Structure formats: C-alpha cells, structure tokens
$ cat my_file.txt   # compact mmCIF, C-alpha atoms and all ligand atoms
# COMPACT_ATOMS: atom_id res chain seq x y z
CA MET A 1 -24.86 -4.24 -7.99
CA ARG A 2 -23.86 -5.63 -11.37
CA LEU A 3 -20.65 -5.33 -13.31
CA PRO A 4 -20.80 -3.04 -16.36
CA ARG A 5 -20.02 -4.61 -19.73
CA PHE A 6 -16.35 -4.87 -20.72
CA GLU A 7 -14.10 -6.73 -23.12
CA TYR A 8 -12.00 -9.41 -21.42
CA LEU A 9 -8.52 -10.22 -22.74
CA GLU A 10 -6.28 -12.94 -21.34
CA PRO A 11 -2.80 -12.82 -22.89
CA SER A 12 -0.65 -15.89 -22.32
CA ASP A 13 2.61 -14.10 -21.51
CA LEU A 14 4.20 -10.85 -20.38
CA GLU A 15 5.01 -9.73 -23.91
CA GLY A 16 1.35 -10.14 -24.83
CA VAL A 17 0.26 -7.95 -21.90
CA LEU A 18 2.78 -5.21 -22.74
CA ASN A 19 1.77 -5.26 -26.42
CA LEU A 20 -1.87 -4.81 -25.48
CA LEU A 21 -1.11 -2.03 -22.97
CA ALA A 22 0.85 -0.20 -25.67
CA THR A 23 -2.15 -0.07 -27.99
CA GLN A 24 -5.27 -0.04 -25.83
CA GLY A 25 -5.31 3.45 -24.25
CA ASP A 26 -6.66 4.82 -20.95
CA ASP A 27 -9.95 2.88 -21.03
CA THR A 28 -8.07 -0.33 -20.26
CA LYS A 29 -7.30 -1.74 -16.81
CA ILE A 30 -5.15 -4.61 -15.61
CA LEU A 31 -7.08 -7.32 -13.76
CA ALA A 32 -4.99 -9.19 -11.18
CA GLY A 33 -7.12 -10.70 -8.39
CA GLY A 34 -9.93 -8.19 -8.97
CA THR A 35 -10.70 -7.77 -5.26
CA ASP A 36 -10.27 -4.01 -5.52
CA LEU A 37 -10.98 -3.40 -9.20
CA LEU A 38 -14.20 -5.40 -9.58
CA VAL A 39 -15.68 -3.91 -6.41
CA ARG A 40 -15.05 -0.41 -7.77
CA MET A 41 -16.57 -1.38 -11.12
CA LYS A 42 -19.67 -2.77 -9.42
CA LYS A 43 -20.09 0.54 -7.61
CA GLY A 44 -19.87 2.42 -10.90
CA LEU A 45 -16.67 4.18 -9.81
CA LEU A 46 -14.88 2.92 -12.88
CA LYS A 47 -16.12 1.75 -16.28
CA PRO A 48 -13.16 0.45 -18.27
CA LYS A 49 -13.90 -0.77 -21.79
CA THR A 50 -11.29 -3.54 -21.57
CA LEU A 51 -9.76 -5.65 -18.82
CA ILE A 52 -6.41 -7.35 -19.43
CA SER A 53 -6.18 -10.33 -17.11
CA LEU A 54 -2.90 -11.48 -15.56
CA LYS A 55 -4.46 -14.89 -14.88
CA ALA A 56 -2.14 -16.79 -17.25
CA LEU A 57 1.02 -14.98 -16.18
CA ASN A 58 2.53 -17.51 -13.79
CA GLU A 59 5.88 -15.94 -14.70
CA LEU A 60 4.92 -12.97 -12.47
CA SER A 61 4.22 -15.18 -9.44
CA TYR A 62 7.40 -15.90 -7.45
CA ILE A 63 9.41 -15.04 -4.34
CA ASN A 64 13.18 -15.41 -4.87
CA GLU A 65 16.37 -14.49 -3.07
CA GLU A 66 18.88 -13.08 -5.55
CA ASP A 67 21.94 -10.78 -5.32
CA GLY A 68 21.22 -9.84 -1.69
CA CYS A 69 17.60 -8.97 -2.49
CA ILE A 70 14.15 -10.47 -2.17
CA LYS A 71 12.37 -10.35 -5.52
CA ILE A 72 8.60 -10.74 -5.61
CA GLY A 73 6.59 -11.04 -8.81
CA ALA A 74 3.69 -8.58 -8.96
CA ARG A 75 1.09 -11.31 -9.44
CA THR A 76 2.22 -13.28 -6.37
CA PRO A 77 -0.79 -14.12 -4.17
CA ILE A 78 -0.86 -12.56 -0.69
CA ALA A 79 -1.13 -16.11 0.72
CA ASP A 80 2.26 -17.07 -0.80
CA ILE A 81 3.90 -14.08 0.89
CA ILE A 82 2.42 -15.05 4.25
CA ALA A 83 3.68 -18.63 3.78
CA SER A 84 7.22 -17.64 2.73
CA ASP A 85 10.03 -18.40 5.21
CA LEU A 86 12.23 -15.88 3.40
CA ILE A 87 9.71 -13.05 3.92
CA GLN A 88 9.22 -14.03 7.58
CA LYS A 89 12.98 -14.00 8.15
CA GLU A 90 14.06 -10.93 6.16
CA ALA A 91 10.96 -8.78 5.69
CA PHE A 92 8.83 -9.45 8.74
CA ALA A 93 6.86 -6.19 8.39
CA LEU A 94 5.57 -7.38 5.01
CA PHE A 95 4.55 -10.73 6.51
CA GLU A 96 2.67 -8.93 9.32
CA ALA A 97 1.00 -6.55 6.86
CA CYS A 98 -0.11 -9.33 4.49
CA GLU A 99 -1.51 -11.35 7.37
CA LYS A 100 -3.84 -8.43 8.12
CA ILE A 101 -5.09 -7.78 4.58
CA GLY A 102 -8.85 -8.16 4.24
CA ALA A 103 -9.84 -11.71 5.04
CA ILE A 104 -8.51 -15.19 4.41
CA SER A 105 -10.66 -15.39 1.27
CA ILE A 106 -8.89 -12.33 -0.18
CA GLN A 107 -5.42 -13.52 0.85
CA HIS A 108 -5.86 -17.10 -0.38
CA TYR A 109 -8.27 -16.84 -3.24
CA ARG A 110 -7.40 -13.86 -5.38
CA GLY A 111 -5.57 -10.88 -3.86
CA THR A 112 -2.06 -10.20 -5.21
CA ILE A 113 0.74 -8.03 -3.88
CA GLY A 114 0.81 -5.91 -7.07
CA GLY A 115 -2.92 -5.24 -6.80
CA ASN A 116 -2.48 -4.43 -3.13
CA ILE A 117 0.07 -1.70 -3.85
CA LEU A 118 -1.98 -0.34 -6.77
CA GLN A 119 -5.42 -0.49 -5.16
CA ASP A 120 -7.12 2.88 -5.48
CA ASN A 121 -7.21 5.39 -2.63
CA ARG A 122 -10.38 5.33 -0.59
CA CYS A 123 -12.81 7.79 0.99
CA ILE A 124 -16.13 7.22 2.80
CA HIS A 125 -17.74 9.92 0.65
CA TYR A 126 -16.62 8.26 -2.59
CA ASN A 127 -16.56 4.47 -2.05
CA GLN A 128 -20.34 4.23 -2.10
CA SER A 129 -22.91 2.85 -4.49
CA GLU A 130 -23.90 4.80 -7.61
CA PHE A 131 -27.35 5.32 -6.06
CA HIS A 132 -25.85 6.81 -2.88
CA ARG A 133 -23.57 9.16 -4.85
CA SER A 134 -26.34 10.21 -7.25
CA GLY A 135 -28.06 12.15 -4.43
CA ARG A 136 -25.51 14.96 -4.46
CA GLN A 137 -22.95 16.79 -6.55
CA PRO A 138 -19.94 14.74 -7.61
CA CYS A 139 -16.68 15.37 -5.75
CA HIS A 140 -13.26 15.86 -7.41
CA LYS A 141 -12.58 12.12 -7.63
CA ASP A 142 -16.00 11.58 -9.21
CA GLY A 143 -15.42 14.24 -11.87
CA GLY A 144 -16.82 17.22 -9.94
CA LYS A 145 -15.38 20.31 -8.28
CA ILE A 146 -15.92 19.88 -4.55
CA CYS A 147 -14.59 17.79 -1.70
CA TYR A 148 -16.81 16.53 1.11
CA ALA A 149 -13.87 15.53 3.29
CA ARG A 150 -12.04 18.83 3.48
CA ASP A 151 -13.58 22.31 3.05
CA GLU A 152 -12.18 24.37 0.18
CA ALA A 153 -9.92 21.54 -0.95
CA ASP A 154 -8.75 22.11 -4.52
CA ARG A 155 -7.79 18.48 -4.92
CA CYS A 156 -8.80 15.04 -3.77
CA ASN A 157 -7.52 13.93 -0.37
CA SER A 158 -8.58 10.31 -0.56
CA THR A 159 -6.55 7.97 1.62
CA CYS A 160 -4.15 5.18 0.71
CA GLN A 161 -5.18 2.23 2.89
CA SER A 162 -2.80 -0.35 1.46
CA ASP A 163 -1.20 -2.46 4.20
CA GLY A 164 1.38 -3.81 1.75
CA ALA A 165 2.55 -0.41 0.47
CA THR A 166 3.15 0.92 4.00
CA ALA A 167 5.22 -2.12 4.99
CA LEU A 168 7.16 -2.11 1.70
CA MET A 169 8.00 1.58 2.05
CA ALA A 170 9.35 0.93 5.56
CA LEU A 171 11.47 -1.85 4.08
CA GLY A 172 12.87 0.59 1.49
CA ALA A 173 11.47 -1.46 -1.41
CA SER A 174 11.62 -0.57 -5.11
CA ILE A 175 9.22 -1.55 -7.86
CA THR A 176 9.80 -2.33 -11.52
CA LEU A 177 7.42 -0.80 -14.05
CA ALA A 178 7.59 -2.28 -17.54
CA LYS A 179 6.16 -1.05 -20.80
CA LYS A 180 6.73 -2.29 -24.33
CA GLY A 181 10.47 -2.25 -25.05
CA THR A 182 11.58 -0.69 -21.75
CA GLU A 183 11.35 -0.78 -17.97
CA ARG A 184 12.20 1.49 -15.04
CA VAL A 185 12.84 0.95 -11.35
CA VAL A 186 11.31 3.35 -8.84
CA GLU A 187 11.70 3.51 -5.07
CA ILE A 188 8.25 3.00 -3.66
CA ALA A 189 8.78 6.14 -1.54
CA ASN A 190 8.96 8.15 -4.80
CA PHE A 191 6.09 6.44 -6.55
CA TYR A 192 3.22 8.66 -5.42
CA THR A 193 1.67 11.88 -6.74
CA THR A 194 0.08 14.36 -4.37
CA ASP A 195 -3.37 13.89 -5.85
CA GLY A 196 -5.87 11.32 -4.60
CA ILE A 197 -7.54 11.10 -8.03
CA MET A 198 -4.44 9.54 -9.63
CA PRO A 199 -2.29 8.56 -6.65
CA PHE A 200 0.45 6.74 -8.59
CA ALA A 201 3.17 8.28 -10.77
CA MET A 202 2.63 5.64 -13.43
CA GLU A 203 1.53 5.60 -17.07
CA SER A 204 -1.50 3.62 -18.21
CA SER A 205 0.75 1.65 -20.60
CA GLU A 206 2.96 0.49 -17.70
CA LEU A 207 2.69 -2.80 -15.86
CA LEU A 208 4.03 -3.39 -12.36
CA THR A 209 6.14 -6.51 -12.74
CA GLU A 210 8.35 -6.88 -9.67
CA ILE A 211 8.94 -5.68 -6.11
CA VAL A 212 12.53 -5.70 -4.83
CA ILE A 213 13.51 -5.52 -1.15
CA SER A 214 17.20 -5.33 -0.44
CA ILE A 215 18.29 -7.47 2.52
CA GLN A 216 19.96 -4.94 4.83
CA GLY A 217 20.62 -6.94 7.98
CA GLY A 218 18.04 -5.08 10.04
CA LYS A 219 14.60 -6.03 11.38
CA SER A 220 11.15 -4.62 10.74
CA SER A 221 7.72 -4.52 12.29
CA TYR A 222 4.22 -3.51 11.17
CA LYS A 223 1.27 -2.58 13.36
CA ARG A 224 -2.19 -1.48 12.38
CA LEU A 225 -5.55 -0.53 13.77
CA ALA A 226 -8.87 -1.45 12.17
CA TYR A 227 -12.41 -1.67 13.52
CA ARG A 228 -12.43 -5.43 13.18
CA SER A 229 -9.49 -7.79 12.96
CA ALA A 230 -10.82 -9.25 9.68
CA ILE A 231 -12.28 -7.74 6.51
CA ASP A 232 -11.58 -4.13 7.54
CA TYR A 233 -9.05 -1.80 5.98
CA PRO A 234 -6.58 -0.10 8.35
CA ILE A 235 -7.66 3.26 9.78
CA VAL A 236 -4.07 3.88 10.84
CA CYS A 237 -0.93 1.76 10.50
CA ALA A 238 2.83 1.99 10.88
CA GLY A 239 5.83 0.16 9.48
CA VAL A 240 9.30 0.44 11.02
CA PHE A 241 12.73 -0.80 9.93
CA LEU A 242 15.71 -0.65 12.33
CA SER A 243 19.27 -1.86 11.99
CA ALA A 244 22.10 -1.83 14.55
CA SER A 245 25.71 -0.84 14.20
CA ASP A 246 28.18 -3.75 13.73
CA THR A 247 30.55 -2.35 16.34
CA LYS A 248 28.06 -1.05 18.93
CA LYS A 249 25.31 -3.62 18.87
CA ASP A 250 22.83 -1.59 21.00
CA GLU A 251 23.12 1.48 18.78
CA ILE A 252 20.66 2.22 15.98
CA GLU A 253 22.47 2.65 12.69
CA ASP A 254 19.56 3.09 10.31
CA ALA A 255 15.84 3.67 10.82
CA ARG A 256 12.78 4.09 8.63
CA ILE A 257 9.37 5.00 10.00
CA VAL A 258 6.35 4.98 7.68
CA VAL A 259 2.78 5.83 8.67
CA GLY A 260 -0.09 4.53 6.55
CA ALA A 261 -3.83 5.24 6.12
CA MET A 262 -3.20 8.87 7.13
CA GLY A 263 -2.75 10.53 3.75
CA ARG A 264 -2.82 10.21 -0.02
CA SER A 265 0.16 7.84 0.20
CA PRO A 266 2.08 6.10 2.99
CA LEU A 267 4.17 8.80 4.71
CA PHE A 268 7.91 8.22 5.11
CA LEU A 269 8.79 10.33 8.17
CA VAL A 270 12.33 11.37 7.26
CA GLN A 271 12.99 13.61 10.25
CA GLU A 272 11.72 11.17 12.86
CA SER A 273 13.61 8.31 11.18
CA PHE A 274 16.85 10.29 11.09
CA SER A 275 16.50 11.34 14.74
CA LEU A 276 16.82 7.69 15.80
CA LYS A 277 20.32 7.23 14.38
CA GLY A 278 22.87 6.65 17.14
CA LYS A 279 20.16 6.13 19.80
CA ASN A 280 20.02 3.06 22.04
CA LEU A 281 17.78 0.22 20.89
CA ASN A 282 16.39 -0.23 24.39
CA ASP A 283 15.57 3.45 25.02
CA THR A 284 11.78 3.42 25.24
CA GLU A 285 11.65 7.08 26.27
CA VAL A 286 13.26 8.07 22.96
CA PHE A 287 10.80 5.81 21.12
CA LYS A 288 7.87 7.56 22.87
CA LYS A 289 9.14 11.01 21.85
CA VAL A 290 9.65 9.88 18.26
CA ALA A 291 6.18 8.29 18.22
CA ASP A 292 4.59 11.56 19.43
CA SER A 293 6.52 13.53 16.84
CA SER A 294 5.32 11.06 14.17
CA MET A 295 1.76 11.74 15.28
CA ASN A 296 2.27 15.50 14.85
CA SER A 297 3.83 15.08 11.40
CA ALA A 298 1.19 12.66 10.11
CA SER A 299 -1.72 14.70 11.50
CA THR A 300 -1.15 17.50 9.00
CA PHE A 301 -1.88 15.18 6.06
CA ALA A 302 -4.94 13.26 7.17
CA VAL A 303 -8.57 14.16 6.61
CA HIS A 304 -11.69 12.69 8.15
CA ASN A 305 -12.59 10.24 5.39
CA VAL A 306 -11.90 6.64 6.42
CA GLY A 307 -14.50 5.91 9.04
CA SER A 308 -13.15 6.69 12.46
CA THR A 309 -12.76 10.27 13.72
CA LEU A 310 -9.66 12.14 12.66
CA GLU A 311 -8.79 12.98 16.28
CA TYR A 312 -8.78 9.31 17.27
CA ARG A 313 -6.71 8.24 14.25
CA CYS A 314 -4.13 10.98 14.95
CA VAL A 315 -3.72 9.88 18.57
CA MET A 316 -3.37 6.27 17.48
CA VAL A 317 -0.51 7.10 15.07
CA SER A 318 1.66 7.56 18.15
CA GLU A 319 0.59 4.18 19.57
CA MET A 320 1.10 2.29 16.29
CA VAL A 321 4.54 3.83 15.72
CA LEU A 322 5.56 3.08 19.32
CA GLN A 323 4.47 -0.56 19.04
CA ALA A 324 6.25 -0.97 15.70
CA LEU A 325 9.43 0.63 17.06
CA LYS A 326 9.40 -1.72 20.04
CA GLY A 327 8.72 -4.73 17.83
CA ALA A 328 11.58 -3.95 15.44
CA ALA A 329 13.98 -3.08 18.29
CA GLN A 330 13.25 -6.34 20.12
CA ALA A 331 13.87 -8.30 16.94
CA VAL A 332 17.21 -6.54 16.33
CA VAL A 333 18.32 -7.16 19.92
CA ALA A 334 17.30 -10.84 19.70
CA ALA A 335 19.13 -11.30 16.38
CA LYS A 336 22.33 -9.71 17.73
CA GLY A 337 22.19 -12.07 20.73
C1 LIG A 401 -13.71 -6.65 1.88
C2 LIG A 401 -12.34 -6.17 1.48
C3 LIG A 401 -11.39 -5.93 2.46
C4 LIG A 401 -10.12 -5.48 2.10
N1 LIG A 401 -9.22 -5.24 3.10
C5 LIG A 401 -7.99 -4.80 2.79
C6 LIG A 401 -7.05 -4.55 3.83
O1 LIG A 401 -7.31 -4.76 5.01
N2 LIG A 401 -5.83 -4.08 3.49
C7 LIG A 401 -5.50 -3.84 2.19
O2 LIG A 401 -4.36 -3.40 1.94
N3 LIG A 401 -6.36 -4.08 1.18
C8 LIG A 401 -7.60 -4.57 1.44
N4 LIG A 401 -8.51 -4.83 0.43
C9 LIG A 401 -8.17 -4.44 -0.96
C10 LIG A 401 -7.72 -5.59 -1.88
O3 LIG A 401 -8.51 -6.70 -1.73
C11 LIG A 401 -6.30 -6.02 -1.63
O4 LIG A 401 -5.50 -4.87 -1.56
C12 LIG A 401 -5.76 -6.96 -2.71
O5 LIG A 401 -4.42 -7.30 -2.40
C13 LIG A 401 -5.78 -6.33 -4.10
O6 LIG A 401 -5.17 -7.22 -5.00
P1 LIG A 401 -5.86 -7.71 -6.34
O7 LIG A 401 -4.89 -8.59 -7.03
O8 LIG A 401 -7.20 -8.29 -6.07
O9 LIG A 401 -6.01 -6.31 -7.10
P2 LIG A 401 -6.94 -5.90 -8.36
O10 LIG A 401 -8.30 -5.57 -7.87
O11 LIG A 401 -6.85 -6.90 -9.46
O12 LIG A 401 -6.17 -4.59 -8.83
C14 LIG A 401 -6.13 -3.41 -8.04
C15 LIG A 401 -5.66 -2.26 -8.94
O13 LIG A 401 -4.30 -2.46 -9.34
C16 LIG A 401 -4.19 -2.55 -10.75
N5 LIG A 401 -3.19 -3.59 -10.98
C17 LIG A 401 -3.13 -4.81 -10.35
N6 LIG A 401 -1.99 -5.44 -10.69
C18 LIG A 401 -1.32 -4.62 -11.52
C19 LIG A 401 -0.05 -4.72 -12.19
N7 LIG A 401 0.74 -5.78 -12.05
N8 LIG A 401 0.35 -3.68 -12.97
C20 LIG A 401 -0.45 -2.59 -13.14
N9 LIG A 401 -1.66 -2.45 -12.54
C21 LIG A 401 -2.08 -3.45 -11.73
C22 LIG A 401 -5.58 -2.88 -11.27
O14 LIG A 401 -5.79 -2.38 -12.58
C23 LIG A 401 -6.45 -2.15 -10.24
O15 LIG A 401 -6.59 -0.79 -10.58
C24 LIG A 401 -9.79 -5.29 0.75
C25 LIG A 401 -10.74 -5.56 -0.24
C26 LIG A 401 -12.01 -5.98 0.11
C27 LIG A 401 -13.01 -6.26 -0.96
S1 LIG A 402 -11.30 13.30 -0.42
FE1 LIG A 402 -12.85 14.72 -1.26
S2 LIG A 402 -12.56 14.67 -3.49
FE2 LIG A 402 -11.48 12.90 -2.63
S3 LIG A 402 -12.92 11.19 -2.72
FE3 LIG A 402 -13.17 12.13 -0.71
S4 LIG A 402 -14.81 13.66 -0.95
FE4 LIG A 402 -14.07 13.09 -2.99
$ encode --input "my_file.txt" --output "structure tokens"
Amino acid sequence: MRLPRFEYLEPSDLEGVLNLLATQGDDTKILAGGTDLLVRMKKGLLKPKTLISLKALNELSYINEEDGCIKIGARTPIADIIASDLIQKEAFALFEACEKIGAISIQHYRGTIGGNILQDNRCIHYNQSEFHRSGRQPCHKDGGKICYARDEADRCNSTCQSDGATALMALGASITLAKKGTERVVEIANFYTTDGIMPFAMESSELLTEIVISIQGGKSSYKRLAYRSAIDYPIVCAGVFLSASDTKKDEIEDARIVVGAMGRSPLFLVQESFSLKGKNLNDTEVFKKVADSSMNSASTFAVHNVGSTLEYRCVMVSEMVLQALKGAAQAVVAAKG
C-alpha cells in the first residue's frame, strides 16, 4: 500500500498553521504523528490534497501545572505523558490509558495526545484495504448508502477506540480549539456528534491546541480489554473518577464513569455516576450493581464492528467498570489515609 500524492506544508509556528487552515479548505488535514492519518491514507480511506505538519510546533508540546489545572499541549508525545510525575499523581487514568496505546513505537516515536483524541472512528467493515472494499458496495462512511454493521442503519455507527479520549472524559477534561483570530473551549464530553462519519463537532479550520484537566482532589482509574496487550486497540474500556467528601472520608462526593470502544464516542454514564454520590467507597456490592447497570446502558449503543462479538464486549463492560471503580476507590482511600 502506497501513500497517495499530497502537498506537504510545515509552518514554523502556530500562527502559520492557523493562517493556512483559514485558507486551505476541507481537502487539508493536520499531520501530527501520522500514526492514524497515514495508515488511513495508505488504505485509500482519505485522500487529502494537503497535509499541514505540526512537526515544528514545539510550542504545542508541554505538560504544565497552572491555576489548579494540568495543561497539555496537543502535540505532546504519548511517551511524555507516560513519563510525567504530574500526570501519574493527578490524572492516573490518563497515565494508564497512554501506557496501553498501541505499542512502544507509537508512544515513543510519533503518536501525540491530540492525534489520539482526534483519530477517526473505526469499523472492521471500513478499515480495510481499497482492494478489500472494492468487492462490494460502499457503506455510509465510504460515501455509500448502507451499513454492514447494523441492518437498516441510516447513519454510520463506527466506534471510537481512543484510549486517551475515554480517560480524559472520565477526568472531566476540556479542550481548546483555535482558529484564526479566535478560540473556544469545549468540554470533551460535549465534543462529539452522533454520526460516525464525522464524529467530532469541530470545523476543518480549527486546530486542537490544548487539553485542560482541572485538579479536583479525587483519584481515577482506567481499565481496558484488547486481544493482545500490545498493538491492539481496545474492544472495551472504562475510565472512572471518584472523590471523597472532606468531612466523611469514606463517602463518595463526586463520580464519573465513562465507557469507551462501545459507541460512536466515549459514553459518559450520567445516571450511574450520579447514583454513586453518598455511597461508601468500600461498598463493593454497590460497585457491582453500578457496573451491571453500566453494561445495560452501554449495550444499547454498541454494534458488532470492532472484532470481538458484541455479546462478549457487552458483558465485559461490567467487568471493566467494576475494576476501574475498585482501582479509583482504593486510590482515594489510600490518599485519605
Ligand atoms: C498498530 C496501531 C495500533 C494502535 N493502537 C491504538 C490503541 O491501542 N489505542 C489508541 O487510542 N490508539 C491506537 N492507535 C491509533 C494512533 O496511533 C494513536 O491514537 C496516536 O496517538 C495518534 O496520534 P498521532 O499524533 O499519530 O495522530 P495523527 O495520525 O497525526 O492524527 C490523527 C487525526 O487527528 C488529526 N489531528 C491530529 N492532531 C490534531 C490537532 N492538533 N488539531 C486538529 N487535528 C489534529 C489529524 O488530522 C488526523 O485526522 C493505533 C495505531 C496503530 C497504527
Ligand atoms: S458502522 Fe456501518 S457505515 Fe459505519 S463504517 Fe461500519 S459498515 Fe460503514
């Protein structure tokens, strides 16, 4: 498989990138590490005329603590996040998620956190070679009118398999999207459309510049299941954030449960999260009930399109949520002494 021809632009600063994005149009894509984009281009899934590289933008590669928040530049390599003491201390779920991404070569060589969040949704019927796909009618995501993953689907149900996005949503993170002359901040939980063709509520002239996680005094955990421990995308994953009350240290004050790889975006389970407020941090029976309820909620979104059977993935939602709940609860208890 060979890359199609494209024009390569390498601006030297952020202003240069935003100027180009403002004038280039929809045929242009940002190139960060390329570990998602270039693979899709080789498969003929995408044929942009122009790539704007972020290679020279060291200004978008940082992890800082500022005003009670962790700020991460969009072009920060996954390896830097894994190595950060600040992330390990205050955003453990993100550390755990990044440790699982792809393989060491992706984490250390090219992959960035911005590219991880913005990697395209996946589907076993779509992420195939051009030759494979040429043998049948194109599906919605390929420009056609059918879906091989779900009968009578009027839209694409491809799956978001980003480890980073699931962990960041559990941590309540926001992202900054810049375009020439302006920028906006969006909670990552509100960043998704309901269509797998264009999963992100983002304009083609916008650049993801920063990820912000507010330090809330709680603890988080991330668990995932994949066929192999390396190189494979998650087939189901869960991120959990828990914090305890200042006065009653065994009581859950705030909770966020997010299930990933089970829908067009990571799923923030509002009801299950809310049901944990006021519950005891050591109550495993409550955790089991919430994990089963999470399985029921997530099951309605998923389709059979990321390798393993849908039935197995649904059952494993419960297990991943339970493990993540226990992990976060243990960390909160340990921190409270
Ligand atoms: C073998 C293999 C295994 C993988 N396993 C996993 C896995 O287990 N978990 C997982 O989550 N991912 C996995 N990935 C996907 C991918 O490698 C990682 O998500 C990686 O972090 C993507 O980062 P990147 O910088 O290479 O993105 P790129 O490929 O450069 O970009 C991805 C997309 O985001 C856009 N983009 C990137 N940065 C910006 C920005 N700042 N603003 C606007 N648009 C932007 C690009 O235009 C592109 O559409 C795997 C990939 C491969 C090839
Ligand atoms: S979910 Fe359906 S429309 Fe979307 S990529 Fe898969 S087969 Fe195509």
$ residues_around --input "my_file.txt" --residues "Glu96 in chain A" --least-positions-apart "3" --cutoff "9 Å" --atoms "all atoms listed in the file" --output "list in words"
Ile82, Gln88, Phe92, Ala93, Glu99, Lys100, Ala167, Ser221, Tyr222 and Lys223 of chain A
$ closest_residue --input "my_file.txt" --among "A:Gly111, A:Gly196, A:Gly337, A:Gly218" --to "ligand LIG 401 (chain A)" --atoms "all atoms listed in the file"
A:Gly111
$ axis_aligned_box --input "my_file.txt" --around "range 131-146 of chain A" --padding-each-side "6 Å" --output "JSON"
{"center_x": -20.3, "center_y": 12.8, "center_z": -7.4, "size_x": 27.5, "size_y": 27.0, "size_z": 21.0}
$ residues_around --input "my_file.txt" --residues "range 16-33 of chain A" --least-positions-apart "4" --cutoff "8 Å" --atoms "only C-alpha atoms" --output "PyMOL selection string"
chain A and resi 11-12+37+47-55+75+110-112+114-115+178-180+204-207
$ atom_distance --input "my_file.txt" --atom1 "CA of Leu45 in chain A" --atom2 "CA of Arg228 in chain A"
25.3 Å
$ residues_near_point --input "my_file.txt" --point "(6.4, 0.7, -10.4)" --cutoff "12 Å" --atoms "all atoms listed in the file" --output "ChimeraX atom specification"
/A:73-74,114-115,117-118,165,173-179,183-192,200-212
$ residues_around --input "my_file.txt" --residues "Arg150 in chain A" --least-positions-apart "4" --cutoff "12 Å" --atoms "all atoms listed in the file" --output "PyMOL selection string"
chain A and resi 123+125+139-140+146+154-158+301-305+310
$ residues_around --input "my_file.txt" --residues "Asn280 in chain A" --least-positions-apart "3" --cutoff "9 Å" --atoms "all atoms listed in the file" --output "PDB file with C-alpha atoms, in the coordinates of the input"
ATOM      1  CA  ASP A 250      22.830  -1.590  21.000  1.00  0.00           C
ATOM      2  CA  GLU A 251      23.120   1.480  18.780  1.00  0.00           C
ATOM      3  CA  ILE A 252      20.660   2.220  15.980  1.00  0.00           C
ATOM      4  CA  LEU A 276      16.820   7.690  15.800  1.00  0.00           C
ATOM      5  CA  LYS A 277      20.320   7.230  14.380  1.00  0.00           C
ATOM      6  CA  ASP A 283      15.570   3.450  25.020  1.00  0.00           C
ATOM      7  CA  THR A 284      11.780   3.420  25.240  1.00  0.00           C
ATOM      8  CA  VAL A 286      13.260   8.070  22.960  1.00  0.00           C
TER       9      VAL A 286
END
$ residues_around --input "my_file.txt" --residues "Thr300 in chain A" --least-positions-apart "4" --cutoff "10 Å" --atoms "only C-alpha atoms" --output "list in words"
Met262, Gly263, Met295, Asn296 and Cys314 of chain A
$ closest_residue --input "my_file.txt" --among "A:Val258, A:Glu152, A:Asn127, A:Glu7" --to "Met169 in chain A" --atoms "all atoms listed in the file"
A:Val258
$ closest_residue --input "my_file.txt" --among "A:Lys141, A:Arg224, A:Lys336, A:Arg133" --to "ligand LIG 401 (chain A)" --atoms "only C-alpha atoms and all ligand atoms"
A:Arg224
$ atom_distance --input "my_file.txt" --atom1 "atom N8 of ligand LIG 401 (chain A)" --atom2 "CA of Ala226 in chain A"
26.9 Å
$ atom_distance --input "my_file.txt" --atom1 "CA of Met320 in chain A" --atom2 "CA of Cys237 in chain A"
6.2 Å
$ closest_residue --input "my_file.txt" --among "A:Ile215, A:Ala291, A:Leu171, A:Ala230" --to "ligand LIG 401 (chain A)" --atoms "only C-alpha atoms and all ligand atoms"
A:Ala230
$ build_atoms --input "my_file.txt" --residues "range 155-160 of chain A" --atoms "all heavy atoms" --output "compact mmCIF listing (two decimals), keeping the file's coordinate frame"
# COMPACT_ATOMS: atom_id res chain seq x y z
N ARG A 155 -8.16 19.78 -4.36
CA ARG A 155 -7.79 18.48 -4.92
C ARG A 155 -8.37 17.38 -4.03
O ARG A 155 -8.87 17.65 -2.94
CB ARG A 155 -6.28 18.34 -4.99
CG ARG A 155 -5.64 18.22 -3.62
CD ARG A 155 -4.17 17.98 -3.71
NE ARG A 155 -3.47 19.21 -4.00
CZ ARG A 155 -2.15 19.31 -4.02
NH1 ARG A 155 -1.41 18.27 -3.81
NH2 ARG A 155 -1.56 20.45 -4.25
N CYS A 156 -8.25 16.16 -4.52
CA CYS A 156 -8.80 15.04 -3.77
C CYS A 156 -7.82 14.58 -2.69
O CYS A 156 -6.64 14.42 -2.94
CB CYS A 156 -9.09 13.89 -4.74
SG CYS A 156 -9.49 12.36 -3.91
N ASN A 157 -8.35 14.39 -1.49
CA ASN A 157 -7.52 13.93 -0.37
C ASN A 157 -7.88 12.51 0.05
O ASN A 157 -7.87 12.19 1.24
CB ASN A 157 -7.69 14.87 0.83
CG ASN A 157 -7.08 16.22 0.57
OD1 ASN A 157 -5.87 16.36 0.57
ND2 ASN A 157 -7.91 17.22 0.28
N SER A 158 -8.24 11.69 -0.91
CA SER A 158 -8.58 10.31 -0.56
C SER A 158 -7.35 9.62 0.03
O SER A 158 -6.22 10.03 -0.20
CB SER A 158 -9.10 9.56 -1.79
OG SER A 158 -8.15 9.62 -2.82
N THR A 159 -7.60 8.56 0.78
CA THR A 159 -6.55 7.97 1.62
C THR A 159 -6.06 6.64 1.07
O THR A 159 -6.85 5.79 0.66
CB THR A 159 -7.14 7.75 3.04
OG1 THR A 159 -7.54 9.03 3.54
CG2 THR A 159 -6.13 7.16 3.99
N CYS A 160 -4.74 6.47 1.09
CA CYS A 160 -4.15 5.18 0.71
C CYS A 160 -4.24 4.24 1.91
O CYS A 160 -3.63 4.50 2.95
CB CYS A 160 -2.68 5.37 0.31
SG CYS A 160 -1.83 3.80 0.07
